[in-house]
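The file my_file.csv comes next; it holds CSV, C-alpha atoms.
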chain,number,residue,atom,x,y,z
A,105,MET,CA,-5.7,22.9,-8.6
A,106,GLN,CA,-2.9,22.7,-6.0
A,107,VAL,CA,-1.5,19.2,-5.2
A,108,ALA,CA,0.6,18.3,-2.2
A,109,VAL,CA,3.1,15.5,-2.8
A,110,ILE,CA,4.2,13.9,0.5
A,111,ARG,CA,7.9,13.1,0.9
A,112,PHE,CA,9.3,10.6,3.3
A,113,PRO,CA,12.9,9.5,3.8
A,114,GLY,CA,13.1,6.8,1.1
A,115,SER,CA,10.3,8.1,-1.2
A,116,ASN,CA,10.9,7.7,-4.9
A,117,CYS,CA,9.2,9.1,-8.0
A,118,ASP,CA,8.2,12.0,-5.7
A,119,ARG,CA,9.9,14.4,-8.2
A,120,ASP,CA,8.2,12.6,-11.0
A,121,ALA,CA,4.8,13.2,-9.4
A,122,LEU,CA,5.7,16.8,-8.7
A,123,HIS,CA,6.8,17.2,-12.3
A,124,VAL,CA,3.7,15.7,-13.8
A,125,LEU,CA,1.3,17.6,-11.4
A,126,GLY,CA,3.3,20.8,-11.4
A,127,GLY,CA,3.9,21.2,-15.1
A,128,VAL,CA,2.6,18.4,-17.4
A,129,VAL,CA,-1.0,18.4,-16.5
A,130,ALA,CA,-2.8,21.6,-17.5
A,131,GLY,CA,-4.2,23.8,-14.7
A,132,SER,CA,-2.3,21.9,-12.0
A,133,SER,CA,0.4,23.1,-9.6
A,134,ALA,CA,2.2,21.0,-7.0
A,135,ARG,CA,4.5,21.3,-4.1
A,136,PHE,CA,6.1,18.9,-1.6
A,137,ALA,CA,5.0,18.3,2.0
A,138,TRP,CA,7.5,16.8,4.4
A,139,HIS,CA,6.8,13.8,6.6
A,140,LYS,CA,7.5,15.7,9.8
A,141,ASP,CA,5.0,18.5,8.9
A,142,THR,CA,1.8,18.4,10.9
A,143,ALA,CA,-0.3,20.3,8.4
A,144,LEU,CA,-0.7,20.1,4.7
A,145,GLY,CA,-1.3,23.7,4.0
A,146,ALA,CA,-3.7,24.8,1.3
A,147,CYS,CA,-4.2,22.1,-1.2
A,148,ASP,CA,-6.9,20.4,-3.2
A,149,ALA,CA,-5.5,17.0,-3.5
A,150,VAL,CA,-2.7,14.8,-2.0
A,151,VAL,CA,-0.4,12.3,-3.7
A,152,ILE,CA,1.6,9.8,-1.6
A,153,PRO,CA,4.4,8.6,-3.9
A,154,GLY,CA,6.2,5.3,-4.2
A,155,GLY,CA,9.5,4.2,-2.8
A,156,PHE,CA,10.7,2.6,0.4
A,157,SER,CA,9.6,5.0,3.1
A,158,TYR,CA,11.7,4.6,6.3
A,159,GLY,CA,13.5,1.7,4.5
A,160,ASP,CA,10.4,-0.5,4.6
A,161,TYR,CA,11.2,-1.2,8.3
A,162,LEU,CA,8.8,-3.6,10.0
A,163,ARG,CA,6.5,-3.7,7.0
A,164,ALA,CA,6.2,-1.6,3.8
A,165,GLY,CA,4.4,1.6,4.8
A,166,ALA,CA,4.1,0.7,8.5
A,167,MET,CA,6.3,3.5,9.8
A,168,ALA,CA,5.1,6.1,7.4
A,169,ALA,CA,1.5,5.4,8.4
A,170,HIS,CA,2.3,6.8,11.8
A,171,SER,CA,4.3,9.8,10.7
A,172,PRO,CA,3.2,13.3,11.7
A,173,ILE,CA,2.0,14.2,8.2
A,174,LEU,CA,-0.4,11.3,8.1
A,175,GLY,CA,-2.5,12.9,10.8
A,176,ALA,CA,-3.1,15.8,8.4
A,177,VAL,CA,-3.7,13.4,5.5
A,178,LYS,CA,-6.3,11.6,7.5
A,179,GLU,CA,-8.1,14.8,8.4
A,180,PHE,CA,-8.0,15.9,4.7
A,181,ALA,CA,-9.4,12.5,3.6
A,182,ALA,CA,-12.1,12.7,6.2
A,183,ARG,CA,-13.2,16.0,4.8
A,184,GLY,CA,-13.6,14.3,1.4
A,185,GLY,CA,-10.3,15.5,-0.1
A,186,PRO,CA,-8.9,13.4,-2.9
A,187,VAL,CA,-5.9,11.3,-1.9
A,188,LEU,CA,-3.9,9.0,-4.3
A,189,GLY,CA,-1.4,6.5,-3.0
A,190,ILE,CA,1.0,5.1,-5.6
A,191,CYS,CA,2.9,1.9,-4.9
A,192,ASN,CA,4.4,2.5,-1.4
A,193,GLY,CA,1.8,5.2,-1.1
A,194,PHE,CA,-0.9,2.5,-1.5
A,195,GLN,CA,0.9,0.4,1.2
A,196,ILE,CA,1.0,3.4,3.5
A,197,LEU,CA,-2.8,4.1,3.0
A,198,CYS,CA,-3.6,0.5,3.8
A,199,GLU,CA,-1.3,0.5,6.9
A,200,ALA,CA,-2.9,3.8,8.0
A,201,GLY,CA,-6.4,2.3,7.7
A,202,LEU,CA,-7.5,4.8,5.0
A,203,LEU,CA,-7.8,1.9,2.6
A,204,ASP,CA,-8.7,-1.7,3.6
A,205,GLY,CA,-6.7,-4.8,2.7
A,206,ALA,CA,-3.0,-5.3,2.7
A,207,LEU,CA,-0.1,-5.6,0.3
A,208,THR,CA,2.1,-8.7,0.8
A,209,ARG,CA,5.2,-10.3,-0.7
A,210,ASN,CA,4.8,-11.0,-4.4
A,211,ALA,CA,4.0,-14.7,-5.0
A,212,SER,CA,7.0,-14.9,-7.3
A,213,LEU,CA,9.3,-13.6,-4.6
A,214,HIS,CA,10.8,-11.3,-7.2
A,215,PHE,CA,10.9,-7.6,-7.4
A,216,GLU,CA,8.7,-7.1,-10.4
A,217,CYS,CA,9.7,-4.1,-12.5
A,218,ARG,CA,8.0,-3.8,-15.9
A,219,ASP,CA,5.1,-2.4,-17.8
A,220,VAL,CA,1.7,-4.0,-17.1
A,221,HIS,CA,-1.8,-3.5,-18.3
A,222,VAL,CA,-4.6,-2.6,-16.0
A,223,LEU,CA,-8.3,-2.5,-16.7
A,224,VAL,CA,-10.2,0.5,-15.3
A,225,GLU,CA,-13.5,-0.3,-13.7
A,226,GLY,CA,-15.6,0.4,-10.6
A,227,ARG,CA,-17.3,3.4,-9.1
A,228,PRO,CA,-16.4,6.9,-10.2
A,229,THR,CA,-13.7,8.7,-8.2
A,230,PRO,CA,-11.9,12.0,-8.7
A,231,TRP,CA,-8.9,10.1,-10.0
A,232,THR,CA,-10.8,7.9,-12.4
A,233,ALA,CA,-14.2,9.5,-13.2
A,234,ALA,CA,-13.0,10.8,-16.5
A,235,ILE,CA,-11.6,7.5,-17.7
A,236,PRO,CA,-14.1,5.4,-19.5
A,237,ALA,CA,-14.8,2.0,-17.7
A,238,GLY,CA,-13.2,-0.8,-19.7
A,239,ARG,CA,-10.2,1.3,-20.8
A,240,VAL,CA,-6.9,-0.6,-20.6
A,241,LEU,CA,-3.9,1.4,-19.4
A,242,ARG,CA,-0.3,0.5,-19.8
A,243,ILE,CA,1.6,1.6,-16.7
A,244,PRO,CA,4.9,0.3,-15.1
A,245,ILE,CA,5.1,-1.5,-11.8
A,246,ALA,CA,8.1,-1.7,-9.5
A,247,HIS,CA,7.5,-3.5,-6.3
A,248,ALA,CA,8.3,-6.6,-4.2
A,249,GLU,CA,5.2,-6.4,-2.0
A,250,GLY,CA,2.2,-5.8,-4.2
A,251,ARG,CA,0.1,-9.0,-3.7
A,252,PHE,CA,-3.2,-7.6,-2.6
A,253,VAL,CA,-5.1,-9.5,0.1
A,254,HIS,CA,-8.5,-8.6,1.6
A,255,ASP,CA,-10.7,-10.5,4.0
A,256,ASP,CA,-14.0,-9.5,2.3
A,257,VAL,CA,-13.3,-9.1,-1.3
A,258,GLU,CA,-17.0,-9.7,-2.2
A,259,ALA,CA,-17.9,-6.5,-0.4
A,260,LEU,CA,-15.2,-4.7,-2.2
A,261,GLU,CA,-16.5,-5.9,-5.5
A,262,ARG,CA,-20.1,-5.2,-4.6
A,263,GLU,CA,-19.3,-1.6,-3.7
A,264,GLY,CA,-17.5,-1.0,-6.9
A,265,ARG,CA,-14.3,-0.2,-5.1
A,266,VAL,CA,-12.0,-2.3,-7.3
A,267,LEU,CA,-10.7,0.4,-9.7
A,268,PHE,CA,-7.8,-1.3,-11.4
A,269,ARG,CA,-7.2,-4.9,-12.3
A,270,TYR,CA,-4.2,-6.5,-13.9
A,271,ALA,CA,-5.2,-7.5,-17.4
A,272,ASP,CA,-3.7,-8.5,-20.7
A,273,ALA,CA,-3.4,-5.9,-23.5
A,274,ALA,CA,-6.9,-6.7,-24.6
A,275,GLY,CA,-8.3,-6.3,-21.2
A,276,GLY,CA,-8.6,-10.0,-20.3
A,277,ILE,CA,-8.3,-10.8,-16.6
A,278,THR,CA,-6.0,-13.8,-16.6
A,279,ASP,CA,-3.5,-15.4,-14.2
A,280,GLY,CA,-0.8,-14.7,-16.8
A,281,ALA,CA,-1.4,-11.0,-16.5
A,282,ASN,CA,-1.2,-11.0,-12.7
A,283,PRO,CA,2.4,-10.0,-11.9
A,284,ASN,CA,2.3,-10.6,-8.1
A,285,GLY,CA,-0.5,-13.1,-7.3
A,286,SER,CA,-2.9,-10.4,-6.2
A,287,LEU,CA,-6.4,-11.5,-5.1
A,288,ARG,CA,-8.6,-11.4,-8.3
A,289,ASN,CA,-5.9,-9.5,-10.1
A,290,ILE,CA,-6.6,-6.4,-8.0
A,291,ALA,CA,-4.1,-3.6,-8.7
A,292,GLY,CA,-6.0,-0.7,-7.1
A,293,ILE,CA,-9.0,0.2,-4.9
A,294,ALA,CA,-10.9,3.1,-3.5
A,295,ASN,CA,-12.3,3.7,0.0
A,296,ARG,CA,-16.0,3.7,0.6
A,297,ALA,CA,-16.4,7.4,0.0
A,298,GLY,CA,-14.4,7.1,-3.2
A,299,ASN,CA,-12.0,10.0,-2.5
A,300,VAL,CA,-9.1,7.9,-1.4
A,301,VAL,CA,-7.5,5.7,-4.0
A,302,GLY,CA,-4.4,3.4,-4.0
A,303,LEU,CA,-2.7,1.5,-6.8
A,304,MET,CA,0.5,-0.4,-7.2
A,305,PRO,CA,1.4,0.7,-10.8
A,306,HIS,CA,3.1,4.0,-11.2
A,307,PRO,CA,1.0,6.4,-13.4
A,308,GLU,CA,3.5,9.3,-12.9
A,309,ARG,CA,6.1,7.2,-14.7
A,310,ALA,CA,3.9,6.9,-17.8
A,311,SER,CA,2.7,10.5,-18.2
A,312,GLU,CA,4.8,11.7,-21.1
A,313,ALA,CA,5.5,10.3,-24.6
A,314,ILE,CA,9.2,10.8,-24.1
A,315,LEU,CA,9.1,8.3,-21.2
A,316,GLY,CA,7.4,5.6,-23.3
A,317,GLY,CA,3.7,6.2,-22.7
A,318,THR,CA,1.1,8.6,-21.5
A,319,ASP,CA,-1.6,6.2,-20.2
A,320,GLY,CA,-0.8,7.1,-16.6
A,321,ARG,CA,-1.7,10.7,-17.1
A,322,ALA,CA,-5.4,9.7,-17.4
A,323,LEU,CA,-5.6,9.7,-13.6
A,324,PHE,CA,-4.1,13.2,-13.2
A,325,ASP,CA,-6.1,14.5,-16.1
A,326,SER,CA,-9.2,13.0,-14.5
A,327,LEU,CA,-8.4,14.9,-11.3
A,328,ALA,CA,-7.9,18.1,-13.2
A,329,ALA,CA,-11.3,17.6,-14.9
A,330,HIS,CA,-12.8,16.9,-11.5
A,331,PHE,CA,-11.7,20.3,-10.3
A,332,ALA,CA,-12.5,22.0,-13.5
A,333,GLY,CA,-16.1,20.8,-12.9
A,334,SER,CA,-16.1,19.1,-16.3
A,335,PRO,CA,-16.6,15.4,-16.5
A,336,ALA,CA,-14.9,15.5,-19.9
A,337,ARG,CA,-13.5,12.2,-20.9
A,338,VAL,CA,-9.7,12.1,-20.9
B,210,MET,CA,11.2,-6.0,32.0
B,211,THR,CA,11.5,-7.5,28.5
B,212,ALA,CA,8.6,-8.3,26.1
B,213,LYS,CA,9.2,-11.0,23.6
B,214,VAL,CA,6.8,-10.4,20.7
B,215,TYR,CA,6.2,-12.9,18.0
B,216,VAL,CA,4.4,-11.7,14.8
B,217,THR,CA,3.4,-14.3,12.3
B,218,LEU,CA,1.3,-14.5,9.2
B,219,LYS,CA,-2.3,-15.7,9.7
B,220,ARG,CA,-2.8,-19.3,8.6
B,221,GLY,CA,-4.7,-18.5,5.4
B,222,VAL,CA,-2.2,-16.0,4.1
B,223,LEU,CA,0.2,-17.3,1.5
B,224,ASP,CA,3.9,-17.2,2.6
B,225,PRO,CA,6.0,-17.5,-0.5
B,226,GLN,CA,9.2,-17.0,1.6
B,227,GLY,CA,8.3,-19.9,3.8
B,228,GLN,CA,7.5,-22.1,0.8
B,229,ALA,CA,10.9,-21.3,-0.7
B,230,VAL,CA,12.6,-22.1,2.6
B,231,ALA,CA,10.8,-25.4,3.0
B,232,HIS,CA,11.7,-26.3,-0.5
B,233,ALA,CA,15.4,-25.5,0.1
B,234,LEU,CA,15.4,-27.6,3.3
B,235,GLY,CA,13.9,-30.5,1.2
B,236,ARG,CA,16.8,-30.1,-1.3
B,237,LEU,CA,19.3,-30.3,1.6
B,238,GLY,CA,17.9,-33.6,2.6
B,239,PHE,CA,15.5,-32.5,5.3
B,240,ALA,CA,12.4,-34.1,3.6
B,241,GLU,CA,10.5,-33.9,6.9
B,242,ALA,CA,10.3,-30.1,6.6
B,243,LYS,CA,7.0,-30.0,4.8
B,244,ASP,CA,6.2,-26.4,5.4
B,245,ALA,CA,7.8,-23.2,6.8
B,246,ARG,CA,6.1,-20.1,8.0
B,247,ILE,CA,8.3,-17.0,8.5
B,248,GLY,CA,7.5,-14.4,11.1
B,249,LYS,CA,9.2,-11.7,13.1
B,250,TYR,CA,10.6,-11.8,16.6
B,251,ILE,CA,10.7,-8.4,18.4
B,252,GLU,CA,12.4,-7.9,21.8
B,253,LEU,CA,11.2,-4.9,23.6
B,254,THR,CA,13.1,-3.5,26.6
B,255,LEU,CA,10.5,-1.8,28.8
B,256,ASP,CA,11.2,0.9,31.3
B,257,GLY,CA,8.6,2.1,33.7
B,258,GLY,CA,6.3,1.0,36.4
B,259,GLY,CA,2.8,-0.5,36.5
B,260,SER,CA,1.4,-3.8,37.4
B,261,ARG,CA,2.0,-6.8,35.1
B,262,GLU,CA,-1.5,-6.5,33.9
B,263,GLU,CA,-1.0,-2.9,32.9
B,264,VAL,CA,2.2,-3.7,31.1
B,265,GLU,CA,0.4,-6.5,29.3
B,266,LYS,CA,-2.3,-4.1,28.2
B,267,ARG,CA,0.3,-1.6,26.9
B,268,VAL,CA,2.3,-4.2,25.0
B,269,ASP,CA,-1.0,-5.6,23.5
B,270,LYS,CA,-1.7,-2.1,22.3
B,271,MET,CA,1.8,-1.7,20.8
B,272,CYS,CA,1.1,-4.9,18.8
B,273,ARG,CA,-2.3,-3.7,17.6
B,274,ASP,CA,-1.1,-0.2,16.8
B,275,LEU,CA,2.1,-0.9,15.0
B,276,LEU,CA,4.0,-4.2,15.5
B,277,ALA,CA,1.4,-6.4,13.7
B,278,ASN,CA,-0.9,-5.7,10.8
B,279,LEU,CA,-4.0,-7.5,11.9
B,280,VAL,CA,-5.3,-7.8,8.3
B,281,ILE,CA,-2.6,-10.4,7.6
B,282,GLU,CA,-0.8,-11.1,10.8
B,283,GLU,CA,-1.4,-12.4,14.4
B,284,TYR,CA,0.8,-11.9,17.4
B,285,ARG,CA,1.6,-13.3,20.8
B,286,PHE,CA,4.0,-12.1,23.5
B,287,GLU,CA,5.5,-13.0,26.8
B,288,LEU,CA,6.9,-10.8,29.5
B,289,VAL,CA,10.2,-11.6,31.1
B,290,ASP,CA,11.5,-9.9,34.3

Take the structure from the file and write it as structure tokens.
Amino acid sequence: MQVAVIRFPGSNCDRDALHVLGGVVAGSSARFAWHKDTALGACDAVVIPGGFSYGDYLRAGAMAAHSPILGAVKEFAARGGPVLGICNGFQILCEAGLLDGALTRNASLHFECRDVHVLVEGRPTPWTAAIPAGRVLRIPIAHAEGRFVHDDVEALEREGRVLFRYADAAGGITDGANPNGSLRNIAGIANRAGNVVGLMPHPERASEAILGGTDGRALFDSLAAHFAGSPARV
Amino acid sequence: MTAKVYVTLKRGVLDPQGQAVAHALGRLGFAEAKDARIGKYIELTLDGGGSREEVEKRVDKMCRDLLANLVIEEYRFELVD
């Protein structure tokens, strides 16, 4: 499988994503796509990494959502192609209308930078189908605008589109485990079709033991399993 | 022509920045400042023709397409010659 990692001025962990999808995950290769490109080229999946695209001008993700490459990402998503937005990537997908809801200033007003636990749930997606529901992943967060809001969260829940929820290490959904005040501890969601996924935690930063954990790799291994046609559990 | 655009958080959306500012004003002795809501002011210099109605339509579209995120924000604007 070939993955395109989108780069904006101000992206970060773009190299981490390229490293994980271009070397760590078996059967995966990866390359960058530049924000000014109008086409993605041949690829099976798209990752929009974290960071501060365009300096977070106006709102986090607002400028990137209107960049030339996003037109190509929208077409790719409309065809059912798997798209993952990580942190700023999640903000960009919301601003672009590919995901619904919005990410707002953390309730704490702090830039939260630490490991958190997230509970995996919801409908199967290419990025999560191979992760057993109820699995708790330990993945770092690093953001100031991650408080998820949505005007019809009941619909989101009913459609099984909440994929990740901030939890304690045992999987308990508590206020104490919520790092930013997100509605119902929501850390990540999918679109209605299930192919577009966004989350605030950084799975690419937790994909090798030498970096302190491998839980994040479950998303990328899930994608690889999706393309290998094997729903093998990761 | 100049468009003065005000973008503010919708009423129901928590504004932790505003809360912190109201709190700080209270500490400074301004107890009457019970709440603060922080927004953005954008001044657009517009070049080009069209009737006032057409300009209004264009600025409204600018707000919807980029300047405001209608999930969490609302906007208003005024045109100044």

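Ranking A:Asn299, A:Asn192, A:Asn289, A:Ser311 by their shortest atom-to-atom distance to A:Leu241, with all atoms listed in the file included, puts A:Ser311 first.
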
Hey, can I get the axis-aligned box for stretch 159-168 of chain A? All listed atoms, 5 Å padding on each side, centre and edge lengths in Å to one decimal, as AutoDock Vina command-line options.
--center_x 8.8 --center_y 1.2 --center_z 6.9 --size_x 19.4 --size_y 19.8 --size_z 16.2

key: chain B residues near chain A (9 Å cut-off, all atoms listed in the file) as a list in words   =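 That gives the following set of residues: Val222, Leu223, Asp224, Pro225, Gln226, Ala229, Lys249, Leu275, Leu276, Ala277, Asn278, Val280 and Ile281 of chain B.
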
task = Name the residues in contact with stretch 145-155 of chain A at a cut-off of 7 Å, using only C-alpha atoms, excluding same-chain residues fewer than 3 positions from it; report them as a PyMOL selection string.
result = chain A and resi 105-110+114-118+185-193

message = Could you tell me how far atom CA of A:Ser132 sits from atom CA of A:Glu312, in Å to one decimal place?
response =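 Answer for the atom CA of A:Glu312 to atom CA of A:Ser132 separation: 15.4 Å.
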
Contacts of B:Asp290 at 7 Å (all atoms listed in the file; same-chain gap of 2+ positions) as a PDB file with C-alpha atoms, in the frame of the given file:
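Once written, result34.pdb looks like this:
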ATOM      1  CA  MET B 210      11.200  -6.000  32.000  1.00  0.00           C
ATOM      2  CA  THR B 211      11.500  -7.500  28.500  1.00  0.00           C
ATOM      3  CA  LEU B 288       6.900 -10.800  29.500  1.00  0.00           C
TER       4      LEU B 288
END

Pairwise distance for atom CA of A:Leu260 and atom CA of A:Ile290, rounded to one decimal in Å = 10.5 Å
